[in-house]
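Beneath this line is the structure, given in structure tokens, with notes to follow.
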Amino acid sequence: MKKKTIVFTGGGTAGHVTPNLALINELDKGEWNIQYIGSKKGIERELVEKAGVPYHGISSGKLRRYFDMENAKDIFRVLRGCFEARRILKKMKPRLLFSKGGFVSVPVVIAARTLQIPIFIHESDLTPGLANKISQRFATKIFTSFDETVKYLPANKTIAIGSPIRREILEGSAEKGRKYLGFDSWKPVITIMGGSLGAKRINEAVRSVLPQLTANFHIAHICGKGNLDESLSSVKGYKQFEYIHGELPDILAATNFVITRGGSNSIFEFLALEIPMVIIPLTLQQSRGDQILNARSFEEKGYSLTLNEENLTEETLLAALEELKNKSAEMKKKMKSGYKQNALDTLLEEIAKVK
Ligand SMILES: CC(=O)N[C@H]1[C@@H](OP(=O)(O)OP(=O)(O)OC[C@H]2O[C@@H](n3ccc(=O)[nH]c3=O)[C@H](O)[C@@H]2O)O[C@H](CO)[C@@H](O)[C@@H]1O
């Protein structure tokens, strides 16, 4: 039997790649020939190649909401990307293009449309990013993580299904996690995750209250590339990592509380694992504000507390953790009843329906 081809796209941050990988891992490799189109230099190349999926790099440019010379150059890069993506897609003749958004996905979606290839989009954030705003009109079906997102997208083809979470995230072992971290006593574990890019301000705030934190907790600190602080490497009960690959499920299984950015994929993973969280969203100066809305939605539903970076001090961080501890049981109850468990299966079923 000839295999059917499916092409994935999305990039710019791990947030656009890891949910694609969740699906890629689950697709039957005997039935599907899986390919990935990403940007030439993006973070997605490393993550996708690690998963053993053929990667095709195309030109891509940052899209901005305003116009300047760089933007003009980027429009040419996007156009070139369209031609490159079209050439690749024409050769592959895929049954489906699955896009997670990010700048690189726009030329791929447009190229797929010109070849009449069906297009599925999954939007992870509460409000659609610019790439998915442009791409939505070309999509056959659109899926969202948040219920609230449906109102920003065409009603006739959009459905809220939740976040497709890698199965292994839900299958970690707390015992292995503690062993890996080297935490022997049974103090609660706080994992700090500044998104796939780390977070300087969060790192500084955490390190400035390290003695108070390690008195009561064990700390697993994912601080981002280049952000390790060697002077703290001998602090008992404190472990630092630039980024964690395969051990993340075990570490999260051993985690009692999380301090995190508001990246959609991470916070839905914590929700699925029922780990109470303090979310410190990226500010409007650092982003388009998507994480602020993600955090607000989670806080309103009782899954998390929000601490805005503008108010982040030693005192507010410790106070937020105290409040988190007090509200933990109630939050876990709300998470248990609020989490949509089957986004990954829903997407697999929808993909299987494609002729
Ligand atoms: C800076 C930026 O633009 N952030 C955006 C980016 O998030 P960003 O990619 O930073 O973060 P997300 O939380 O969405 O995803 C991170 C993914 O990487 C994994 N992980 C992270 C750290 C680690 O050490 N190991 C590991 O495996 C997490 O488990 C998660 O699956 O895309 C998200 C989804 O569109 C948006 O909500 C964010 O606003």
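Following the order of the structure tokens, chains are lettered A, B, ..., residues in each are numbered from 1, and ligands are numbered from 1.
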Picked from stretch 10-216 of chain A by DSSP as alpha helix (DSSP H), as a PyMOL selection string: chain A and resi 18-26+44-50+69-92+105-114+130-135+174-181+200-208+210-216
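A distance cut-off of 6 Å from ligand 1, applied to only C-alpha atoms and all ligand atoms, picks out the residues Thr13, Ala14, Gly15, His16, Thr18, Ser124, Asp125, Gly195, Ser196, Leu197, Ile222, Tyr243, Ile244, His245, Gly263, Ser264, Asn265, Ser266, Asp290 and Gln291 of chain A.
Considering only C-alpha atoms, the residue among A:Ala253, A:Ile280, A:Ile159, A:Ala295 positioned nearest to A:Glu171 is A:Ala253.
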Residue nearest A:Pro281 - candidates A:Lys225, A:Gly182, A:Ser233, A:Gly194, atoms counted: only C-alpha atoms: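 That would be A:Gly194, the residue with the smallest distance to A:Pro281.
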DSSP strand (DSSP E) residues within stretch 32-259 of chain A, listed as an MDAnalysis selection string: chainID A and resid 32:39 55:58 96:99 119:123 141:144 158:160 189:193 218:222 238:241 257:259
Selection: 10 Å around stretch 337-344 of chain A, only C-alpha atoms, excl. self and same-chain fewer than 2 positions, as a ChimeraX atom specification: /A:19,22-23,26,143-146,160-167,268,271-274,301-303,332-335,346-350
All residues 7 Å or closer to A:Ala254, only C-alpha atoms, same chain fewer than 5 positions away omitted, as a list in words: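 Once the nearby chain positions are removed, what remains is Ala174, Glu175, Gly177, Arg178 and Val189 of chain A.
Nearest residue to A:Lys50 among A:Gly11, A:Leu307, A:Gly246, A:Lys73 is A:Gly246, counting only C-alpha atoms.
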A:Glu242, A:Asp28, A:Glu84, A:Glu44 ranked by distance to A:Gly10, top pick (using only C-alpha atoms):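 Among the listed residues, A:Glu44 lies closest to A:Gly10.
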A:Arg137: which residues within 10 Å, counting only C-alpha atoms, same-chain residues fewer than 2 positions away excluded, as an mmCIF file with C-alpha atoms, in the first residue's frame?
data_model
loop_
_atom_site.group_PDB
_atom_site.id
_atom_site.type_symbol
_atom_site.label_atom_id
_atom_site.label_comp_id
_atom_site.auth_asym_id
_atom_site.auth_seq_id
_atom_site.Cartn_x
_atom_site.Cartn_y
_atom_site.Cartn_z
ATOM 1 C CA ILE A 110 -0.680 29.887 1.053
ATOM 2 C CA ARG A 113 -4.034 26.512 -0.784
ATOM 3 C CA ASN A 132 -2.970 32.205 12.010
ATOM 4 C CA LYS A 133 -5.044 35.356 11.499
ATOM 5 C CA ILE A 134 -3.712 35.488 7.941
ATOM 6 C CA SER A 135 -3.923 31.717 7.424
ATOM 7 C CA ALA A 139 -7.949 26.598 6.397
ATOM 8 C CA THR A 140 -10.293 23.650 5.994
ATOM 9 C CA LYS A 141 -10.655 23.177 9.766
ATOM 10 C CA ILE A 142 -9.351 25.160 12.728
ATOM 11 C CA LEU A 153 -12.247 32.671 14.157
ATOM 12 C CA PRO A 154 -14.788 31.618 11.498
ATOM 13 C CA LYS A 157 -14.958 25.653 10.698
#
